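K.L.:
Below is the structure I would like to discuss, written out as structure tokens.
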Amino acid sequence: MIPAQFDYVAPSTVEEAVNALVEAGEDAKVLAGGQSLLPVLRMRLNVPSVVVDLCRIESLRGVRDDGDALVIGAMTTHSDVFHDPLVREHATLLTKAVEQLADPQVRHRGTFGGALAHADPAGDLGAPALALGASFVIAGSGGTRTVEADDFFEDLFTTAVQDGEILTEVRIPKYTGWGAHYEKFVRVAHQWPIVAVAAAVRVDGGTIAEARVGLTNMGSTPLRARAVESALVGQSATDEAVRGAAASAAEGTNPPSDLNGDADFRRHLATVLTRRAVLAAAGA
């Protein structure tokens with residue numbers, strides 16, 4: 001299908017992009033890598049009057065070290081995130097998750113910020129970003145503001161980014177030395193995860209000292225398995241101990257039911273995948 005007609009703007013600065021969005025109003029759409037937006041436009045599920053393309057804004061690309069955090073530009077491609085040595089060293093969980101995101105073509109075109117702003121609950125980046133306590137820098141006509149991960153994902157395909165604003169960068173606290181794993185269950189290769197679990201753990205002398213666990217596709221937004229995190233602390237990194245902690249993985253979740261599985265199936269999967277992810281992260 002051919003998209004409906006729209007005006008196209010390709011600014012070279014964040015300020016120009018924000019001005020274009022403000023001028024266009026609520027009928028504008030932001031184009032990052034286009035891996036989510038273009039199919040929607042082709043099917044005419046959204047008919048914007050203006051598309052603002054961020055591809056020429058070089059300041060939105062790249063990864064940099066900012067002391068106790070990494071800063072990832074919103075227009076940084078998944079492939080660049082995967083290959084970045086800073087991410088691999090200090091935010092290994094992101095490397096693990098991006099490695100399993102879609103296929104090489106999508107990873108070379110899709111963007112880190114675009115995927116997070118799209119906020120698909122089955123997307124592979126939301127749960128890792130939430131588990132790592134990311135913060136999101138958003139630019140608008142009044143300047144920039146920072147939103148913590150707990151407040152960024154508001155509902156299905158809905159984030160704290162408002163009309164006339166763009167996500168410019170994501171700040172990831174450093175987890176140097178932590179083990180990490182992203183355990184994803186799909187029926188066919190490159191599919192959206194039916195359920196996935198993002199786990200990062202710090203092991204000290206065979207005991208889990210700290211743990212962070214995020215759940216993919218277990219609700220309308222990415223979720224933290226906080227009960228699991230609390231239960232893991234102080235436990236030995238053994239199958240028996242982790243299995244007991246993982247039993248509470250589905251608490252407080254509201255998974256969907258669809259052709260890939262009903263809600264009860266997903267709740268069961270969450271406990272199984274959490275055990276596998278935590279054990280792998282702990283090196284057990």
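In the structure tokens, each chain is lettered A, B, ... as it comes, each chain's residues begin at 1, and ligands are numbered from 1 in order of appearance.
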For segment 237-254 of chain A, list every protein, DNA or RNA residue within 9 Å, evaluated using only C-alpha atoms, and leave out those in the same chain fewer than 5 positions away; present the list as a ChimeraX atom specification.
P.N.:
/A:203,206-208,213,215,218-220,223,225-232,263,266-276,278-279,282-284
K.L.:
Restricting the output to N, CA and C atoms, write the selected residues as a compact mmCIF listing (two decimals), in the first residue's frame.
P.N.:
```
# COMPACT_ATOMS: atom_id res chain seq x y z
N VAL A 203 27.73 -10.81 41.35
CA VAL A 203 28.03 -11.96 42.21
C VAL A 203 29.29 -11.69 42.99
N GLY A 206 30.38 -16.14 45.04
CA GLY A 206 29.38 -17.17 44.80
C GLY A 206 27.99 -16.80 45.28
N THR A 207 27.85 -15.61 45.87
CA THR A 207 26.55 -15.14 46.36
C THR A 207 26.08 -13.95 45.53
N ILE A 208 24.81 -13.90 45.22
CA ILE A 208 24.26 -12.79 44.46
C ILE A 208 24.11 -11.59 45.39
N VAL A 213 16.17 -7.25 37.16
CA VAL A 213 15.47 -8.15 36.22
C VAL A 213 14.33 -7.39 35.56
N LEU A 215 11.20 -7.56 32.42
CA LEU A 215 10.35 -8.49 31.68
C LEU A 215 9.83 -7.84 30.40
N MET A 218 5.13 -8.76 29.06
CA MET A 218 4.34 -9.26 30.18
C MET A 218 3.34 -8.22 30.67
N GLY A 219 3.07 -7.22 29.87
CA GLY A 219 2.12 -6.18 30.20
C GLY A 219 2.10 -5.15 29.09
N SER A 220 1.44 -4.04 29.33
CA SER A 220 1.37 -2.99 28.31
C SER A 220 2.64 -2.16 28.24
N LEU A 223 8.40 -4.27 32.31
CA LEU A 223 8.18 -4.38 33.75
C LEU A 223 9.45 -4.80 34.47
N ALA A 225 10.85 -7.04 37.57
CA ALA A 225 10.48 -8.16 38.46
C ALA A 225 11.13 -7.90 39.81
N ARG A 226 10.57 -6.94 40.54
CA ARG A 226 11.20 -6.49 41.78
C ARG A 226 11.17 -7.57 42.86
N ALA A 227 10.12 -8.38 42.89
CA ALA A 227 10.08 -9.45 43.88
C ALA A 227 11.21 -10.45 43.65
N VAL A 228 11.50 -10.72 42.40
CA VAL A 228 12.61 -11.61 42.07
C VAL A 228 13.94 -10.99 42.49
N GLU A 229 14.10 -9.71 42.20
CA GLU A 229 15.34 -9.02 42.55
C GLU A 229 15.60 -9.12 44.06
N SER A 230 14.57 -8.86 44.84
CA SER A 230 14.73 -8.90 46.30
C SER A 230 15.03 -10.32 46.78
N ALA A 231 14.33 -11.30 46.19
CA ALA A 231 14.52 -12.68 46.61
C ALA A 231 15.90 -13.22 46.25
N LEU A 232 16.53 -12.66 45.21
CA LEU A 232 17.83 -13.16 44.77
C LEU A 232 18.97 -12.69 45.67
N ALA A 263 -2.31 -15.83 28.47
CA ALA A 263 -1.66 -15.16 29.59
C ALA A 263 -1.01 -16.15 30.54
N ARG A 266 2.27 -17.37 29.23
CA ARG A 266 3.32 -16.37 29.37
C ARG A 266 3.79 -16.27 30.83
N ARG A 267 2.87 -16.39 31.78
CA ARG A 267 3.29 -16.35 33.19
C ARG A 267 4.22 -17.51 33.50
N HIS A 268 3.92 -18.67 32.97
CA HIS A 268 4.81 -19.82 33.17
C HIS A 268 6.16 -19.58 32.50
N LEU A 269 6.12 -19.07 31.27
CA LEU A 269 7.36 -18.78 30.56
C LEU A 269 8.23 -17.80 31.35
N ALA A 270 7.61 -16.79 31.95
CA ALA A 270 8.37 -15.78 32.68
C ALA A 270 9.19 -16.40 33.80
N THR A 271 8.63 -17.37 34.51
CA THR A 271 9.39 -18.00 35.60
C THR A 271 10.54 -18.84 35.04
N VAL A 272 10.27 -19.55 33.97
CA VAL A 272 11.31 -20.40 33.37
C VAL A 272 12.45 -19.55 32.80
N LEU A 273 12.08 -18.53 32.05
CA LEU A 273 13.10 -17.70 31.41
C LEU A 273 13.88 -16.87 32.43
N THR A 274 13.22 -16.46 33.50
CA THR A 274 13.93 -15.71 34.54
C THR A 274 14.99 -16.58 35.19
N ARG A 275 14.66 -17.82 35.48
CA ARG A 275 15.65 -18.74 36.05
C ARG A 275 16.84 -18.90 35.11
N ARG A 276 16.56 -19.10 33.83
CA ARG A 276 17.64 -19.28 32.86
C ARG A 276 18.49 -18.00 32.73
N VAL A 278 18.93 -15.47 34.87
CA VAL A 278 19.71 -15.16 36.07
C VAL A 278 20.89 -16.12 36.21
N LEU A 279 20.67 -17.39 35.97
CA LEU A 279 21.76 -18.37 36.06
C LEU A 279 22.85 -18.06 35.03
N ALA A 282 24.75 -15.00 36.09
CA ALA A 282 25.62 -15.28 37.24
C ALA A 282 26.77 -16.21 36.89
N GLY A 283 26.76 -16.72 35.67
CA GLY A 283 27.83 -17.62 35.24
C GLY A 283 27.70 -19.00 35.83
N ALA A 284 26.49 -19.36 36.25
CA ALA A 284 26.28 -20.66 36.89
C ALA A 284 25.96 -21.74 35.85
```
K.L.:
Might you pull out every residue within 6 Å of segment 194-199 of chain A, with only C-alpha atoms counted and same-chain residues fewer than 4 positions away left off, and present them as an MDAnalysis selection string?
P.N.:
chainID A and resid 128 180:186 212:217 274 277:278
K.L.:
Got a sec to tell me which of segment 144-264 of chain A DSSP assigns to strand (DSSP E or B), as a tab-separated table (two decimals) with N, CA and C atoms, in the first residue's frame?
P.N.:
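As written to disk, out_32.tsv reads:
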```tsv
chain	number	residue	atom	x	y	z
A	144	THR	N	15.36	21.13	27.78
A	144	THR	CA	15.42	19.68	27.96
A	144	THR	C	14.96	19.30	29.36
A	145	ARG	N	14.48	18.08	29.45
A	145	ARG	CA	14.12	17.52	30.75
A	145	ARG	C	14.53	16.06	30.76
A	146	THR	N	14.71	15.51	31.95
A	146	THR	CA	15.15	14.12	32.09
A	146	THR	C	14.08	13.33	32.81
A	147	VAL	N	13.73	12.19	32.25
A	147	VAL	CA	12.70	11.32	32.81
A	147	VAL	C	13.33	9.98	33.15
A	148	GLU	N	13.09	9.51	34.38
A	148	GLU	CA	13.63	8.21	34.78
A	148	GLU	C	12.84	7.08	34.12
A	153	PHE	N	7.96	4.85	30.39
A	153	PHE	CA	6.99	4.00	29.69
A	153	PHE	C	5.64	4.13	30.39
A	154	GLU	N	4.69	4.76	29.72
A	154	GLU	CA	3.42	5.08	30.37
A	154	GLU	C	2.31	4.08	30.06
A	155	ASP	N	2.27	3.57	28.84
A	155	ASP	CA	1.22	2.62	28.44
A	155	ASP	C	1.61	2.03	27.10
A	158	THR	N	3.09	4.21	24.37
A	158	THR	CA	3.00	5.56	24.92
A	158	THR	C	4.12	5.81	25.91
A	159	THR	N	4.83	6.93	25.71
A	159	THR	CA	5.92	7.29	26.61
A	159	THR	C	5.72	8.71	27.11
A	166	ILE	N	11.27	15.60	21.30
A	166	ILE	CA	11.98	14.44	20.79
A	166	ILE	C	12.90	13.88	21.87
A	167	LEU	N	13.08	12.58	21.84
A	167	LEU	CA	14.06	11.92	22.70
A	167	LEU	C	15.44	12.15	22.08
A	168	THR	N	16.37	12.73	22.85
A	168	THR	CA	17.69	13.04	22.29
A	168	THR	C	18.76	12.05	22.72
A	169	GLU	N	18.70	11.56	23.96
A	169	GLU	CA	19.72	10.63	24.41
A	169	GLU	C	19.21	9.82	25.59
A	170	VAL	N	19.88	8.70	25.82
A	170	VAL	CA	19.54	7.81	26.93
A	170	VAL	C	20.80	7.63	27.79
A	171	ARG	N	20.65	7.87	29.08
A	171	ARG	CA	21.76	7.72	30.02
A	171	ARG	C	21.62	6.38	30.74
A	172	ILE	N	22.69	5.58	30.68
A	172	ILE	CA	22.69	4.25	31.28
A	172	ILE	C	23.75	4.22	32.40
A	173	PRO	N	23.35	4.03	33.64
A	173	PRO	CA	24.35	3.88	34.71
A	173	PRO	C	25.30	2.72	34.40
A	179	GLY	N	27.45	-9.52	35.64
A	179	GLY	CA	27.07	-10.49	34.63
A	179	GLY	C	25.71	-10.13	34.06
A	180	ALA	N	25.45	-10.50	32.83
A	180	ALA	CA	24.19	-10.12	32.20
A	180	ALA	C	23.77	-11.17	31.17
A	181	HIS	N	22.45	-11.25	30.97
A	181	HIS	CA	21.93	-12.17	29.95
A	181	HIS	C	20.53	-11.73	29.56
A	182	TYR	N	20.21	-11.94	28.28
A	182	TYR	CA	18.86	-11.68	27.77
A	182	TYR	C	18.32	-12.99	27.22
A	183	GLU	N	17.31	-13.53	27.89
A	183	GLU	CA	16.73	-14.82	27.50
A	183	GLU	C	15.40	-14.56	26.81
A	184	LYS	N	15.31	-14.98	25.56
A	184	LYS	CA	14.17	-14.64	24.71
A	184	LYS	C	13.54	-15.90	24.14
A	185	PHE	N	12.21	-15.98	24.21
A	185	PHE	CA	11.51	-17.14	23.67
A	185	PHE	C	10.70	-16.72	22.46
A	195	VAL	N	7.85	-13.93	25.19
A	195	VAL	CA	8.29	-13.40	26.49
A	195	VAL	C	9.80	-13.34	26.44
A	196	ALA	N	10.38	-12.37	27.10
A	196	ALA	CA	11.84	-12.32	27.25
A	196	ALA	C	12.16	-11.75	28.63
A	197	VAL	N	13.35	-12.09	29.11
A	197	VAL	CA	13.78	-11.64	30.43
A	197	VAL	C	15.19	-11.07	30.32
A	198	ALA	N	15.36	-9.86	30.85
A	198	ALA	CA	16.65	-9.20	30.90
A	198	ALA	C	17.16	-9.26	32.34
A	199	ALA	N	18.34	-9.83	32.54
A	199	ALA	CA	18.86	-9.99	33.89
A	199	ALA	C	20.30	-9.49	33.97
A	200	ALA	N	20.56	-8.72	35.02
A	200	ALA	CA	21.93	-8.29	35.33
A	200	ALA	C	22.16	-8.57	36.81
A	201	VAL	N	23.26	-9.24	37.14
A	201	VAL	CA	23.53	-9.59	38.53
A	201	VAL	C	24.99	-9.33	38.87
A	202	ARG	N	25.20	-8.98	40.12
A	202	ARG	CA	26.56	-8.85	40.64
A	202	ARG	C	26.77	-9.95	41.65
A	203	VAL	N	27.73	-10.81	41.35
A	203	VAL	CA	28.03	-11.96	42.21
A	203	VAL	C	29.29	-11.69	42.99
A	204	ASP	N	29.25	-11.95	44.28
A	204	ASP	CA	30.40	-11.75	45.15
A	204	ASP	C	30.64	-13.03	45.94
A	207	THR	N	27.85	-15.61	45.87
A	207	THR	CA	26.55	-15.14	46.36
A	207	THR	C	26.08	-13.95	45.53
A	208	ILE	N	24.81	-13.90	45.22
A	208	ILE	CA	24.26	-12.79	44.46
A	208	ILE	C	24.11	-11.59	45.39
A	209	ALA	N	24.89	-10.55	45.12
A	209	ALA	CA	24.88	-9.36	45.96
A	209	ALA	C	23.83	-8.35	45.50
A	210	GLU	N	23.62	-8.24	44.18
A	210	GLU	CA	22.63	-7.33	43.63
A	210	GLU	C	22.05	-7.97	42.36
A	211	ALA	N	20.81	-7.62	42.08
A	211	ALA	CA	20.17	-8.17	40.88
A	211	ALA	C	19.16	-7.18	40.31
A	212	ARG	N	19.09	-7.16	38.99
A	212	ARG	CA	18.10	-6.34	38.28
A	212	ARG	C	17.50	-7.20	37.17
A	213	VAL	N	16.17	-7.25	37.16
A	213	VAL	CA	15.47	-8.15	36.22
A	213	VAL	C	14.33	-7.39	35.56
A	214	GLY	N	14.31	-7.40	34.23
A	214	GLY	CA	13.23	-6.77	33.47
A	214	GLY	C	12.50	-7.79	32.63
A	215	LEU	N	11.20	-7.56	32.42
A	215	LEU	CA	10.35	-8.49	31.68
A	215	LEU	C	9.83	-7.84	30.40
A	216	THR	N	9.90	-8.58	29.31
A	216	THR	CA	9.41	-8.14	28.01
A	216	THR	C	8.11	-8.86	27.67
A	223	LEU	N	8.40	-4.27	32.31
A	223	LEU	CA	8.18	-4.38	33.75
A	223	LEU	C	9.45	-4.80	34.47
A	224	ARG	N	9.60	-4.36	35.71
A	224	ARG	CA	10.66	-4.84	36.60
A	224	ARG	C	10.11	-5.97	37.45
A	236	SER	N	22.77	-18.02	47.04
A	236	SER	CA	23.85	-18.62	46.26
A	236	SER	C	23.42	-18.69	44.80
A	258	ASP	N	-2.75	-14.12	22.90
A	258	ASP	CA	-2.85	-14.00	21.45
A	258	ASP	C	-2.54	-15.35	20.82
A	261	GLY	N	0.22	-17.51	22.40
A	261	GLY	CA	0.06	-18.07	23.73
A	261	GLY	C	-0.84	-17.23	24.60
```
K.L.:
Hey, could you make a per-residue contact list for segment 49-94 of chain A against segment 132-138 of chain A with 10 Å as the cut-off, showing the nearest pair of atoms and its distance in Å to one decimal, counting only C-alpha atoms, sorted by chain and number, as JSON lines?
P.N.:
```
{"residue": "A:Ala69", "atom": "CA", "partner": "A:Ala134", "partner_atom": "CA", "distance": 9.3}
{"residue": "A:Leu70", "atom": "CA", "partner": "A:Ala134", "partner_atom": "CA", "distance": 9.6}
{"residue": "A:Val71", "atom": "CA", "partner": "A:Ser135", "partner_atom": "CA", "distance": 9.6}
{"residue": "A:Ile72", "atom": "CA", "partner": "A:Phe136", "partner_atom": "CA", "distance": 9.9}
{"residue": "A:Gly73", "atom": "CA", "partner": "A:Val137", "partner_atom": "CA", "distance": 9.6}
{"residue": "A:Ala74", "atom": "CA", "partner": "A:Val137", "partner_atom": "CA", "distance": 9.3}
{"residue": "A:Ala91", "atom": "CA", "partner": "A:Leu132", "partner_atom": "CA", "distance": 8.1}
{"residue": "A:Leu93", "atom": "CA", "partner": "A:Leu132", "partner_atom": "CA", "distance": 8.2}
{"residue": "A:Leu94", "atom": "CA", "partner": "A:Leu132", "partner_atom": "CA", "distance": 9.0}
```
K.L.:
Convert the current residue selection to file output with C-alpha atoms, as a CSV table (one decimal), in the first residue's frame.
P.N.:
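Once everything was written out, this is result.csv:
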```
chain,number,residue,atom,x,y,z
A,69,ALA,CA,27.0,6.7,33.1
A,70,LEU,CA,27.1,6.0,29.4
A,71,VAL,CA,25.2,8.4,27.1
A,72,ILE,CA,23.7,6.8,24.0
A,73,GLY,CA,22.4,9.2,21.3
A,74,ALA,CA,18.9,8.5,20.3
A,91,ALA,CA,26.3,-2.1,30.1
A,93,LEU,CA,22.9,-6.4,29.2
A,94,LEU,CA,22.3,-4.0,26.3
```
K.L.:
So, with only C-alpha atoms as the atoms that count, which of A:Val161, A:Val81, A:Ala127, A:Ala280 lies closest to Trp178 of chain A?
P.N.:
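Distance minimum relative to Trp178 of chain A lands on A:Ala280.
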K.L.:
Write out as a list in words which residues come within 9 Å of Asn19 of chain A when counting only C-alpha atoms, dropping same-chain ones fewer than 5 positions away.
P.N.:
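The filter keeps Val14, Ala24, Gly140, Ser141 and Gly164 of chain A.
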K.L.:
List the neighbours of Glu16 of chain A out to 12 Å using only C-alpha atoms; skip same-chain residues closer than 6 positions along the sequence, and give me the result as a list in words.
P.N.:
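Contacts, in chain order: Val9, Ala10, Val22, Glu23, Val52, Asp53, Leu54, Arg56, Ile57, Ala139, Gly140, Ser141, Gly164, Glu165 and Ile166 of chain A.
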K.L.:
Include C-alpha atoms and write out the residues we just selected as a CSV table (one decimal), in the first residue's frame.
P.N.:
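And here is the file that came out, again-v3.csv:
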```csv
chain,number,residue,atom,x,y,z
A,9,VAL,CA,11.3,18.0,6.8
A,10,ALA,CA,14.9,17.0,7.5
A,22,VAL,CA,5.8,22.5,17.2
A,23,GLU,CA,4.8,24.2,14.0
A,52,VAL,CA,10.3,15.2,10.6
A,53,ASP,CA,13.4,13.1,9.7
A,54,LEU,CA,16.2,13.2,12.3
A,56,ARG,CA,20.8,14.6,9.5
A,57,ILE,CA,21.3,15.5,13.2
A,139,ALA,CA,14.1,18.1,24.2
A,140,GLY,CA,11.2,20.5,23.6
A,141,SER,CA,10.6,24.2,23.0
A,164,GLY,CA,6.5,18.9,20.0
A,165,GLU,CA,9.3,16.9,21.8
A,166,ILE,CA,12.0,14.4,20.8
```
K.L.:
Go ahead and compute the interatomic distance for atom CA of Thr221 of chain A and atom CA of Pro121 of chain A, in Å to one decimal.
P.N.:
4.9 Å
K.L.:
So the first atom is atom CA of His83 of chain A and the second is atom CA of Arg109 of chain A; what is the distance between them in Å, to one decimal place?
P.N.:
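It comes out at 14.3 Å.
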K.L.:
Quick one: distance from atom CA of Gly62 of chain A to atom CA of Gly34 of chain A in Å, one decimal?
P.N.:
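Rounded to one decimal, the two atoms are 18.1 Å apart.
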K.L.:
Using only C-alpha atoms, pick whichever of A:Val50, A:Ala129, A:Leu45, A:Val40 has the shortest atom-to-atom distance to Leu21 of chain A.
P.N.:
A:Val50
